[in-house]
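J.: Input: one structure, supplied below.
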Amino acid sequence: MAAIPDVLAGRAVIGGDELVPFFDTRTQLLDQAAGMFSQLTNGYEFRVRYAFLTTWLRHYEVLPFALLIVLPTIFTIAYQAVVRFATDVFRSLSPVSISIAAAFPVTLVLLIAAYAKITHFYTLLLGLVMMTTAVLLWLHALLFATRWVRRIVLASVLVLLEPAVHYLVLFSVFLAVSSATLVIGEVVRWIRTGGPGRLRRRPRAASPRRRPSVVALRGRLAALGSSTLGRGVVAAALFALVTLLPYLLFVKFVALRGVTNLSETVPGDYYFIHDASVSWLHLLSWDLAGIMDKVFYGDYLAKVPRWRDASYSVVFLLPFVIRPLRRSLLRTRAHRQLFGVLAVVSAFAAWATIGYGEPLWFPTFHRSLAAVTRLLYSTDTPVGDLALTVSSTVVQVLRFPHRFQLLLFALAPLIMTLPLAAAIDAVWRRSTTRASEGRAAEGRSPARRRADAVIVRVAAGAAVGALFLTPFWSNANYRLVYGSGDFGAFLAPFPTGDLAALKRHLVALPSGKTVVLPPAETAKLVTDTNGVDHRFIDKFFIYYLDRPSFYYGLTGDTANKFAFFLILRGIYHQQDWWIDEARNIGVRYVVVNSRVRDNRGVGAEYLPHVEQYVGPALERQVALGFAVRRYRNSSYTLYELTDPAHRERQRLLIDSSWSGYLRLVWDRLALSRCYDLEYLPLGTATGRAPRLVYSDAPRGEVALDLWVASHRDAFFAPSSKLFAFDPNTVASSYYLSPMFREFLLFSNTKWNRTGMITPGVFGTAGGSFTAIPRPTGLSVPVRVERTGEYRLLLRGSVTGNRVTVRVSGAERSRPLTLKPTRSALQLFTRASVYSAKRVPVPVSGDPVAGASRAIADGAVPVDLRPEYQDLGPVHLTAGAHELRIAKQDANPMLVEGIAVVPARVAADVAVPRGTTVVDSAARLACSARYPVLSQNGSGYIDPAAHGPHKDLSNEELLSLAAAEAPGLTPPDAGGMSDDWIVLALTAALVGGAVLTIRRRLRPRSDESVSSEGTHDAER
């Protein structure tokens, strides 16, 4: 509150990490609602789009008031929803006790959620309360309400208006699980009350068809409303009509408009799921992954679970396991149905939250689904294909396991309220019984007795509440955050004086693309002029400066990530060639932020020490004549790149190895002045064959690359359907989200899961690859327009691999041995792999066995450039086919995709006429050489072992890893136990569920054989 005057005056802002306190109505609301391309970020901002209803709350003038108003408001809404539901449904509990008790679990849940999700309070916290309210409305409508339709519609509208898509998915999961629970319950009750017998005895009488009238329709609706099953059918139809259909249209035509490949931006492969899994100890301790643990521990979950908070799991379980309490609450069948839904949904949410977490043998939802899917898919039958399609769709929709934990947080306020209210009632009854038996009670008036009863309840509630919240407040970080007034300095005001002065000078200059370096989104800190550390993402500076720029962080555009990988790669290793790519993409202004510093050793950090190299890199460009310094203050230095590209440039397609690329640009710093540099992974801008190509590959390989570039519909990447279930495949998208992970691919540390040193997606044909470090299989869907003879060409990098290839419909698999050429991949000793004098390790005899022996002896495979491997001819009929590749050895391998080339084309493929291929920069214009800092042209430099980083400790090596990555590499099984163990335990779980249902088939004393039962009668 003390900072509000400075905030309103523009002298400071409140924000942190993804809570970016700048909002422009035109660029971030109206333009995005229209599906327009954002010039600010050079991409489509789909995350801004789906939260457009509430994202304005982060505007810096609104944000302080939003934090002070929205958080208490959502607490009130959640509290009222829980109290109203509990007082109407659980008549055995005192309304006063419920009103007192509900305050404590609602407070607990929102305090934990705010601690974790404060950066997204306007979406995730608000959305959590909206989902809690919608769940309670839905359950009340299905099981208890008389006017139930309006409650269903209101719940559906609430879900439709959810500011975060996570909650729509989670509510759909709740709906599916609760519906299955209720349907099974109805079927069991029908069997238990003699339904099959009545069905056999019912006479079959033909009734004449009559035209339905309004009265008849109302009668049918009333009949549907008299049973849970009927209400469920109507509710599902209303939810589909009111929520799902409008939201699907919104996603298609607004939220994802222009976004061509969401899976590359927000991938969902095995390792993303593994990193987003929550251990069972964290689950029991109600630890929610979020920003404040990232601040304190360097990871989104505390390293050690808050074990004292496990007492809340005990409170959560009390209504289900304490029989006297359960009996006092479950007075009717509707109550039993409610508890069944709460129990099953809670169990499923906990089961799914663990994901691929430890212990490895435990059959979690993801691990069981993976084992069953792999088993069925291995049968090579239509059933296996269907199982894979369904399972992969489910996982891609649900994605990260930690989101399921939010279902527990939505149900916890109601479930925890019940034992607390029962405890308050018990204390009140005991105290009033003693008081009524004492002599002092004889002379008291009724009013005094009522007042005493209220005092007793309040005192009992205070005692229960103090005891209930003690474990929470026993955690030092919780006390620091909520006792500091600024969320432990995370939301401390950030002075904008220097930034505002920079903006004034920038606005006075001609418009141009502006970037702020070094990137703040590398888990680094920004220390303000008062010495307070802050955490920002790069959008903080992009939105504040409000100039056209590039965002290449977590959800940035793929082209932005590729370009800034090159720029940062040059700067990080103190090489000057980055200016070529900066000029190539149109960067005009570079702001050097001198307030960026390391993260003080707390957790992982990308690009250690990069903040020390950015300023000198710009000063070298000033000395070379490519830049001038325009402005400087104590925090920021503004440079202008004064040697822009020519207006009319010739396209130069770069189709070379990484080493070849560095030889091209190493000291030819004006190259992009004359040429529009295009890269094979991003395709060609116009679809026409380029007139000029730079390549150091054999001419035949270049011809194939050009053919693939102009026939994108004939190049097929591996199917991603199995990626979520297979730890033996590593998708390149894992290293692009965020982009800074891609630097790990140059390293031979444990964080490079591909098994070889590779320049990432540079040089790939389609901008992606799939690494196969261990034996496994791939599926590649292909489609041809005409029946005929084709040749299958695998593009990628092999170390010496033995595979079998089978096309759908073929009776036999084709065994093949894939051998690399010397110019494409070589093995080096670990000690010499980054040395300029390195000598390849010879591989003799069988290429597979030889490579395996060399790797076992410590040799490191180095991917010099991708190449094509001939998988042989094949006859294909017009239509879709599936190509299955089974890798049988443990040598690493990278697969980009399969080019399906007509046989007549493959026989004489050549470089198109009019296209010139050059292999030397001497044949290019603007190829003058400049005196650069280093003459070392080695194409591979390990970010963990070269130059200033050669003596890193294990802790510093850890800082090269992604911030979300676990502290240890997964075992050889990749975090999966043997399938047979998981399948056996999964079968045991299913068997236990079947036995439970079977036990429920026995008749109950409160149900007659002829009972049909209605909601009104049960109540």
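We name chains A, B, ... following the order of the structure tokens; residues begin at 1 in each chain, and ligands are numbered from 1 as shown.
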Hey, what's within 10 Å of A:Trp428 if we count only C-alpha atoms and toss same-chain stuff fewer than 6 positions away? As a ChimeraX atom specification, please?
T.: /A:97,422,434,453-461
J.: DSSP says strand (DSSP E) for which residues of stretch 650-797 of chain A? Put them as a ChimeraX atom specification?
T.: /A:650-654,675-679,692-694,715-716,730-731,770-771,776-784,788-797
J.: Can you spit out the residues from that selection as an mmCIF file, in the first residue's frame, using N, CA and C atoms?
T.:
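Dumped to result20.cif:
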```cif
data_model
loop_
_atom_site.group_PDB
_atom_site.id
_atom_site.type_symbol
_atom_site.label_atom_id
_atom_site.label_comp_id
_atom_site.auth_asym_id
_atom_site.auth_seq_id
_atom_site.Cartn_x
_atom_site.Cartn_y
_atom_site.Cartn_z
ATOM 1 N N GLN A 650 19.750 -10.327 -51.929
ATOM 2 C CA GLN A 650 19.565 -11.631 -52.536
ATOM 3 C C GLN A 650 19.406 -12.677 -51.442
ATOM 4 N N ARG A 651 18.533 -13.634 -51.690
ATOM 5 C CA ARG A 651 18.333 -14.717 -50.726
ATOM 6 C C ARG A 651 19.525 -15.658 -50.773
ATOM 7 N N LEU A 652 20.019 -16.001 -49.589
ATOM 8 C CA LEU A 652 21.104 -16.980 -49.473
ATOM 9 C C LEU A 652 20.640 -18.055 -48.500
ATOM 10 N N LEU A 653 20.358 -19.237 -49.040
ATOM 11 C CA LEU A 653 19.931 -20.352 -48.206
ATOM 12 C C LEU A 653 21.158 -21.045 -47.635
ATOM 13 N N ILE A 654 21.209 -21.139 -46.309
ATOM 14 C CA ILE A 654 22.329 -21.794 -45.647
ATOM 15 C C ILE A 654 21.936 -23.234 -45.350
ATOM 16 N N TYR A 675 23.003 -10.110 -48.140
ATOM 17 C CA TYR A 675 22.222 -11.333 -48.334
ATOM 18 C C TYR A 675 21.170 -11.483 -47.233
ATOM 19 N N ASP A 676 20.002 -11.919 -47.672
ATOM 20 C CA ASP A 676 18.944 -12.293 -46.731
ATOM 21 C C ASP A 676 19.190 -13.743 -46.346
ATOM 22 N N LEU A 677 19.769 -13.949 -45.173
ATOM 23 C CA LEU A 677 20.152 -15.289 -44.758
ATOM 24 C C LEU A 677 18.915 -16.094 -44.365
ATOM 25 N N GLU A 678 18.716 -17.208 -45.062
ATOM 26 C CA GLU A 678 17.633 -18.128 -44.733
ATOM 27 C C GLU A 678 18.239 -19.452 -44.315
ATOM 28 N N TYR A 679 17.509 -20.165 -43.499
ATOM 29 C CA TYR A 679 18.026 -21.416 -42.946
ATOM 30 C C TYR A 679 17.069 -22.544 -43.269
ATOM 31 N N LEU A 692 20.654 -18.955 -54.697
ATOM 32 C CA LEU A 692 21.994 -19.071 -54.143
ATOM 33 C C LEU A 692 21.940 -19.891 -52.865
ATOM 34 N N VAL A 693 22.797 -20.908 -52.790
ATOM 35 C CA VAL A 693 22.838 -21.802 -51.637
ATOM 36 C C VAL A 693 24.276 -21.919 -51.161
ATOM 37 N N TYR A 694 24.458 -21.799 -49.857
ATOM 38 C CA TYR A 694 25.776 -22.070 -49.278
ATOM 39 C C TYR A 694 25.722 -23.414 -48.581
ATOM 40 N N PHE A 715 7.895 -34.921 -46.919
ATOM 41 C CA PHE A 715 8.822 -35.153 -45.814
ATOM 42 C C PHE A 715 8.007 -35.322 -44.539
ATOM 43 N N PHE A 716 8.190 -36.459 -43.863
ATOM 44 C CA PHE A 716 7.315 -36.819 -42.757
ATOM 45 C C PHE A 716 8.131 -37.035 -41.480
ATOM 46 N N VAL A 730 13.644 -38.715 -27.225
ATOM 47 C CA VAL A 730 13.785 -37.351 -26.721
ATOM 48 C C VAL A 730 13.437 -36.401 -27.854
ATOM 49 N N ALA A 731 12.346 -35.682 -27.720
ATOM 50 C CA ALA A 731 11.930 -34.740 -28.757
ATOM 51 C C ALA A 731 12.747 -33.460 -28.649
ATOM 52 N N THR A 770 14.060 -36.154 -33.502
ATOM 53 C CA THR A 770 13.777 -37.063 -32.399
ATOM 54 C C THR A 770 15.037 -37.847 -32.103
ATOM 55 N N ALA A 771 15.538 -37.723 -30.884
ATOM 56 C CA ALA A 771 16.733 -38.461 -30.483
ATOM 57 C C ALA A 771 16.320 -39.814 -29.924
ATOM 58 N N THR A 776 14.484 -48.691 -29.134
ATOM 59 C CA THR A 776 13.048 -48.414 -29.084
ATOM 60 C C THR A 776 12.526 -48.375 -30.511
ATOM 61 N N GLY A 777 11.286 -47.979 -30.663
ATOM 62 C CA GLY A 777 10.673 -47.920 -31.981
ATOM 63 C C GLY A 777 10.074 -46.564 -32.267
ATOM 64 N N LEU A 778 9.950 -46.246 -33.546
ATOM 65 C CA LEU A 778 9.329 -45.015 -34.008
ATOM 66 C C LEU A 778 8.253 -45.352 -35.027
ATOM 67 N N SER A 779 7.254 -44.503 -35.061
ATOM 68 C CA SER A 779 6.221 -44.628 -36.078
ATOM 69 C C SER A 779 6.214 -43.352 -36.910
ATOM 70 N N VAL A 780 6.262 -43.503 -38.220
ATOM 71 C CA VAL A 780 6.281 -42.349 -39.117
ATOM 72 C C VAL A 780 5.086 -42.462 -40.052
ATOM 73 N N PRO A 781 4.074 -41.631 -39.880
ATOM 74 C CA PRO A 781 2.934 -41.661 -40.805
ATOM 75 C C PRO A 781 3.296 -40.975 -42.114
ATOM 76 N N VAL A 782 3.032 -41.626 -43.242
ATOM 77 C CA VAL A 782 3.332 -41.059 -44.558
ATOM 78 C C VAL A 782 2.074 -41.106 -45.408
ATOM 79 N N ARG A 783 2.045 -40.249 -46.394
ATOM 80 C CA ARG A 783 0.915 -40.200 -47.330
ATOM 81 C C ARG A 783 1.434 -39.859 -48.716
ATOM 82 N N VAL A 784 0.966 -40.598 -49.692
ATOM 83 C CA VAL A 784 1.332 -40.315 -51.086
ATOM 84 C C VAL A 784 0.055 -40.114 -51.883
ATOM 85 N N GLY A 788 2.632 -45.893 -56.771
ATOM 86 C CA GLY A 788 3.849 -46.035 -57.562
ATOM 87 C C GLY A 788 5.024 -46.504 -56.735
ATOM 88 N N GLU A 789 6.200 -46.436 -57.365
ATOM 89 C CA GLU A 789 7.440 -46.841 -56.717
ATOM 90 C C GLU A 789 8.100 -45.619 -56.080
ATOM 91 N N TYR A 790 8.515 -45.792 -54.839
ATOM 92 C CA TYR A 790 9.133 -44.696 -54.093
ATOM 93 C C TYR A 790 10.409 -45.187 -53.418
ATOM 94 N N ARG A 791 11.215 -44.221 -53.031
ATOM 95 C CA ARG A 791 12.412 -44.526 -52.264
ATOM 96 C C ARG A 791 12.298 -43.811 -50.922
ATOM 97 N N LEU A 792 12.594 -44.558 -49.849
ATOM 98 C CA LEU A 792 12.518 -44.002 -48.501
ATOM 99 C C LEU A 792 13.913 -43.565 -48.064
ATOM 100 N N LEU A 793 14.046 -42.295 -47.737
ATOM 101 C CA LEU A 793 15.327 -41.726 -47.326
ATOM 102 C C LEU A 793 15.176 -41.142 -45.923
ATOM 103 N N LEU A 794 15.897 -41.708 -44.985
ATOM 104 C CA LEU A 794 15.867 -41.209 -43.606
ATOM 105 C C LEU A 794 16.884 -40.089 -43.462
ATOM 106 N N ARG A 795 16.436 -38.930 -43.001
ATOM 107 C CA ARG A 795 17.365 -37.818 -42.761
ATOM 108 C C ARG A 795 17.626 -37.718 -41.262
ATOM 109 N N GLY A 796 18.873 -37.681 -40.893
ATOM 110 C CA GLY A 796 19.230 -37.597 -39.487
ATOM 111 C C GLY A 796 20.709 -37.835 -39.290
ATOM 112 N N SER A 797 21.060 -38.281 -38.102
ATOM 113 C CA SER A 797 22.459 -38.555 -37.758
ATOM 114 C C SER A 797 22.533 -39.905 -37.081
#
```
J.: Using only C-alpha atoms, which residues sit within 6 Å of stretch 333-337 of chain A once same-chain residues fewer than 3 positions away are excluded, as a list of chain:residue names?
T.: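 After dropping sequence-adjacent residues, the list is A:Leu143, A:Leu330, A:Gly340.
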J.: Store the residues picked out above in a file with N, CA, C and O atoms, as a short mmCIF file (atom, residue, chain, number, x, y, z; two decimals), in the first residue's frame.
T.:
```cif
data_model
loop_
_atom_site.label_atom_id
_atom_site.label_comp_id
_atom_site.auth_asym_id
_atom_site.auth_seq_id
_atom_site.Cartn_x
_atom_site.Cartn_y
_atom_site.Cartn_z
N LEU A 143 -27.58 -33.86 -7.30
CA LEU A 143 -27.93 -34.74 -6.19
C LEU A 143 -28.96 -34.16 -5.22
O LEU A 143 -29.66 -34.94 -4.55
N LEU A 330 -23.73 -39.01 6.37
CA LEU A 330 -24.39 -39.66 5.24
C LEU A 330 -25.77 -40.15 5.66
O LEU A 330 -25.96 -41.32 6.00
N GLY A 340 -19.16 -40.63 -2.55
CA GLY A 340 -18.52 -41.48 -3.56
C GLY A 340 -17.80 -40.67 -4.61
O GLY A 340 -16.66 -40.97 -5.00
#
```
J.: With distances taken over only C-alpha atoms, which residue among A:Phe171, A:Tyr734, A:Trp751, A:Tyr300 lies nearest A:Leu158?
T.: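 Checking each of A:Phe171, A:Tyr734, A:Trp751, A:Tyr300 against A:Leu158, counting only C-alpha atoms, the winner is A:Phe171.
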J.: Please provide the set of residues having any atom within 12 Å of A:Ala12, restricted to only C-alpha atoms, with same-chain residues fewer than 5 positions apart removed, written as a PyMOL selection string.
T.: chain A and resi 2-7+21-22+60-61+64+491-500+528-530+544
J.: Interatomic distance between atom CA of A:Val592 and atom CA of A:Pro518?
T.: 6.7 Å
J.: Find the residue from A:Leu744, A:Ala447, A:Val900, A:Ala176 that sits nearest to A:His711; use only C-alpha atoms when measuring.
T.: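 Closest to A:His711, using only C-alpha atoms: A:Val900.
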J.: So that I can see what lies close to A:Glu521, please list as a CSV table (one decimal) with N, CA, C and O atoms, in the first residue's frame the residues with an atom at most 8 Å from it, counting only C-alpha atoms and leaving out residues fewer than 3 positions away in the same chain.
T.:
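Okay, out_3.csv is ready:
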```csv
chain,number,residue,atom,x,y,z
A,524,LYS,N,17.9,-15.4,-13.9
A,524,LYS,CA,18.8,-14.5,-13.3
A,524,LYS,C,18.0,-13.4,-12.6
A,524,LYS,O,16.8,-13.4,-12.6
A,536,PHE,N,12.3,-11.1,-13.5
A,536,PHE,CA,11.4,-10.6,-14.6
A,536,PHE,C,11.6,-11.6,-15.7
A,536,PHE,O,12.6,-12.2,-15.9
A,537,ILE,N,10.6,-11.7,-16.6
A,537,ILE,CA,10.7,-12.3,-17.9
A,537,ILE,C,11.0,-11.2,-18.9
A,537,ILE,O,10.8,-10.0,-18.6
A,538,ASP,N,11.4,-11.5,-20.1
A,538,ASP,CA,11.8,-10.5,-21.0
A,538,ASP,C,10.6,-9.6,-21.5
A,538,ASP,O,10.9,-8.5,-22.0
A,553,GLY,N,11.3,-16.4,-25.3
A,553,GLY,CA,11.2,-17.1,-24.1
A,553,GLY,C,10.3,-18.4,-24.3
A,553,GLY,O,10.2,-18.9,-25.4
```
J.: Would you mind listing what lies within 9 Å of A:Leu63 as a PyMOL selection string, with only C-alpha atoms counted and same-chain residues fewer than 6 positions away left out?
T.: chain A and resi 13-15+21+56-57
J.: Store the residues picked out above in a file with N, CA and C atoms, as a compact mmCIF listing (two decimals), in the first residue's frame.
T.:
```
# COMPACT_ATOMS: atom_id res chain seq x y z
N VAL A 13 6.85 0.33 -10.27
CA VAL A 13 5.83 -0.65 -10.64
C VAL A 13 5.98 -1.86 -9.72
N ILE A 14 4.90 -2.60 -9.58
CA ILE A 14 4.90 -3.83 -8.81
C ILE A 14 4.72 -4.99 -9.79
N GLY A 15 5.61 -5.95 -9.71
CA GLY A 15 5.51 -7.10 -10.60
C GLY A 15 6.67 -8.04 -10.35
N PRO A 21 3.55 -6.05 -15.34
CA PRO A 21 2.53 -5.04 -14.97
C PRO A 21 2.26 -4.01 -16.05
N TRP A 56 -6.18 -7.64 -18.04
CA TRP A 56 -6.02 -6.21 -17.80
C TRP A 56 -5.77 -5.89 -16.33
N LEU A 57 -6.04 -6.84 -15.44
CA LEU A 57 -5.82 -6.60 -14.01
C LEU A 57 -4.34 -6.41 -13.68
```
J.: Kindly give the distance, in Å, that separates atom CA of A:Gly800 and atom CA of A:Lys819, rounded to a single decimal.
T.: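 Here the two named atoms are 4.7 Å from each other.
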J.: Looking only at alpha helix (DSSP H) from DSSP on the backbone, list the matching residues of stretch 580-740 of chain A as a ChimeraX atom specification.
T.: /A:580-584,611-624,658-665,671-674,699-710
J.: Please provide as an MDAnalysis selection string all residues within 10 Å of stretch 406-415 of chain A, with the sequence filter that same-chain residues fewer than 4 positions apart are discarded (counting only C-alpha atoms).
T.: chainID A and resid 78:79 81:83 85:86 98 101:110 112:113 124 128:136 166:167 170:171 173:174 283 286 288 312:313 315:320 339 342:343 345:350 353 402 419:420
J.: How would the residues just chosen look if you wrote them out with C-alpha atoms as a PDB file, in the first residue's frame?
T.:
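Output file again_0.pdb follows:
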```
ATOM      1  CA  ALA A  78     -15.130 -19.449  -2.135  1.00  0.00           C
ATOM      2  CA  TYR A  79     -16.184 -19.157   1.499  1.00  0.00           C
ATOM      3  CA  ALA A  81     -19.946 -21.240  -1.894  1.00  0.00           C
ATOM      4  CA  VAL A  82     -18.657 -23.774   0.654  1.00  0.00           C
ATOM      5  CA  VAL A  83     -20.878 -22.523   3.485  1.00  0.00           C
ATOM      6  CA  PHE A  85     -23.421 -25.929   0.006  1.00  0.00           C
ATOM      7  CA  ALA A  86     -22.497 -27.483   3.354  1.00  0.00           C
ATOM      8  CA  ILE A  98     -20.087 -24.729   9.385  1.00  0.00           C
ATOM      9  CA  ALA A 101     -15.172 -23.993  10.301  1.00  0.00           C
ATOM     10  CA  ALA A 102     -15.260 -23.190   6.574  1.00  0.00           C
ATOM     11  CA  ALA A 103     -13.119 -20.092   7.046  1.00  0.00           C
ATOM     12  CA  PHE A 104     -10.061 -22.149   7.970  1.00  0.00           C
ATOM     13  CA  PRO A 105      -9.695 -24.582   5.028  1.00  0.00           C
ATOM     14  CA  VAL A 106     -10.691 -21.856   2.548  1.00  0.00           C
ATOM     15  CA  THR A 107      -7.979 -19.646   4.045  1.00  0.00           C
ATOM     16  CA  LEU A 108      -5.452 -22.479   3.959  1.00  0.00           C
ATOM     17  CA  VAL A 109      -6.105 -23.403   0.338  1.00  0.00           C
ATOM     18  CA  LEU A 110      -5.970 -19.827  -0.915  1.00  0.00           C
ATOM     19  CA  ILE A 112      -0.995 -22.016  -0.374  1.00  0.00           C
ATOM     20  CA  ALA A 113      -2.339 -21.288  -3.861  1.00  0.00           C
ATOM     21  CA  LEU A 124      -5.067 -19.284 -11.786  1.00  0.00           C
ATOM     22  CA  LEU A 128      -9.512 -21.978  -8.927  1.00  0.00           C
ATOM     23  CA  VAL A 129     -12.321 -20.266  -7.044  1.00  0.00           C
ATOM     24  CA  MET A 130     -14.549 -20.297 -10.127  1.00  0.00           C
ATOM     25  CA  MET A 131     -13.932 -24.028 -10.564  1.00  0.00           C
ATOM     26  CA  THR A 132     -14.643 -24.692  -6.873  1.00  0.00           C
ATOM     27  CA  THR A 133     -17.922 -22.818  -7.171  1.00  0.00           C
ATOM     28  CA  ALA A 134     -18.822 -24.593 -10.407  1.00  0.00           C
ATOM     29  CA  VAL A 135     -18.085 -28.017  -8.885  1.00  0.00           C
ATOM     30  CA  LEU A 136     -20.299 -27.327  -5.867  1.00  0.00           C
ATOM     31  CA  HIS A 166      -6.409 -25.456 -17.416  1.00  0.00           C
ATOM     32  CA  TYR A 167      -9.600 -25.266 -15.410  1.00  0.00           C
ATOM     33  CA  LEU A 170      -9.820 -30.016 -15.182  1.00  0.00           C
ATOM     34  CA  PHE A 171     -13.560 -29.466 -14.858  1.00  0.00           C
ATOM     35  CA  VAL A 173     -11.932 -34.366 -16.026  1.00  0.00           C
ATOM     36  CA  PHE A 174     -14.041 -33.878 -12.899  1.00  0.00           C
ATOM     37  CA  LEU A 283       1.414 -34.356  -2.603  1.00  0.00           C
ATOM     38  CA  TRP A 286       0.088 -29.998  -0.022  1.00  0.00           C
ATOM     39  CA  LEU A 288       1.965 -26.747  -4.888  1.00  0.00           C
ATOM     40  CA  TYR A 312      -3.902 -31.575   6.392  1.00  0.00           C
ATOM     41  CA  SER A 313      -4.011 -34.832   4.479  1.00  0.00           C
ATOM     42  CA  VAL A 315      -7.914 -33.894   8.101  1.00  0.00           C
ATOM     43  CA  PHE A 316      -8.839 -34.409   4.441  1.00  0.00           C
ATOM     44  CA  LEU A 317      -9.221 -38.177   4.980  1.00  0.00           C
ATOM     45  CA  LEU A 318     -11.154 -38.024   8.253  1.00  0.00           C
ATOM     46  CA  PRO A 319     -14.672 -37.894   6.725  1.00  0.00           C
ATOM     47  CA  PHE A 320     -13.879 -40.980   4.662  1.00  0.00           C
ATOM     48  CA  PHE A 339     -19.129 -38.914  -0.868  1.00  0.00           C
ATOM     49  CA  LEU A 342     -15.606 -36.799  -3.678  1.00  0.00           C
ATOM     50  CA  ALA A 343     -13.622 -39.915  -2.811  1.00  0.00           C
ATOM     51  CA  VAL A 345     -12.304 -37.711  -7.823  1.00  0.00           C
ATOM     52  CA  SER A 346      -9.820 -37.046  -5.010  1.00  0.00           C
ATOM     53  CA  ALA A 347      -8.193 -40.446  -5.450  1.00  0.00           C
ATOM     54  CA  PHE A 348      -7.940 -39.966  -9.217  1.00  0.00           C
ATOM     55  CA  ALA A 349      -6.466 -36.474  -8.837  1.00  0.00           C
ATOM     56  CA  ALA A 350      -3.812 -37.748  -6.415  1.00  0.00           C
ATOM     57  CA  THR A 353      -0.633 -35.861  -9.936  1.00  0.00           C
ATOM     58  CA  HIS A 402       0.845 -31.153 -11.380  1.00  0.00           C
ATOM     59  CA  PRO A 419     -14.530 -32.681  10.310  1.00  0.00           C
ATOM     60  CA  LEU A 420     -13.777 -29.196  11.628  1.00  0.00           C
TER      61      LEU A 420
END
```
J.: Please, what distance in Å, to one decimal, runs between atom CA of A:Phe121 and atom CA of A:Val48?
T.: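 Calculated distance between atom CA of A:Phe121 and atom CA of A:Val48 is 14.2 Å.
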J.: Looking at only C-alpha atoms, which of A:His120, A:Arg774, A:Arg430, A:Arg11 is the one that sits closest to A:Thr55?
T.: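 Looking at the shortest contact to A:Thr55, the residue is A:His120.
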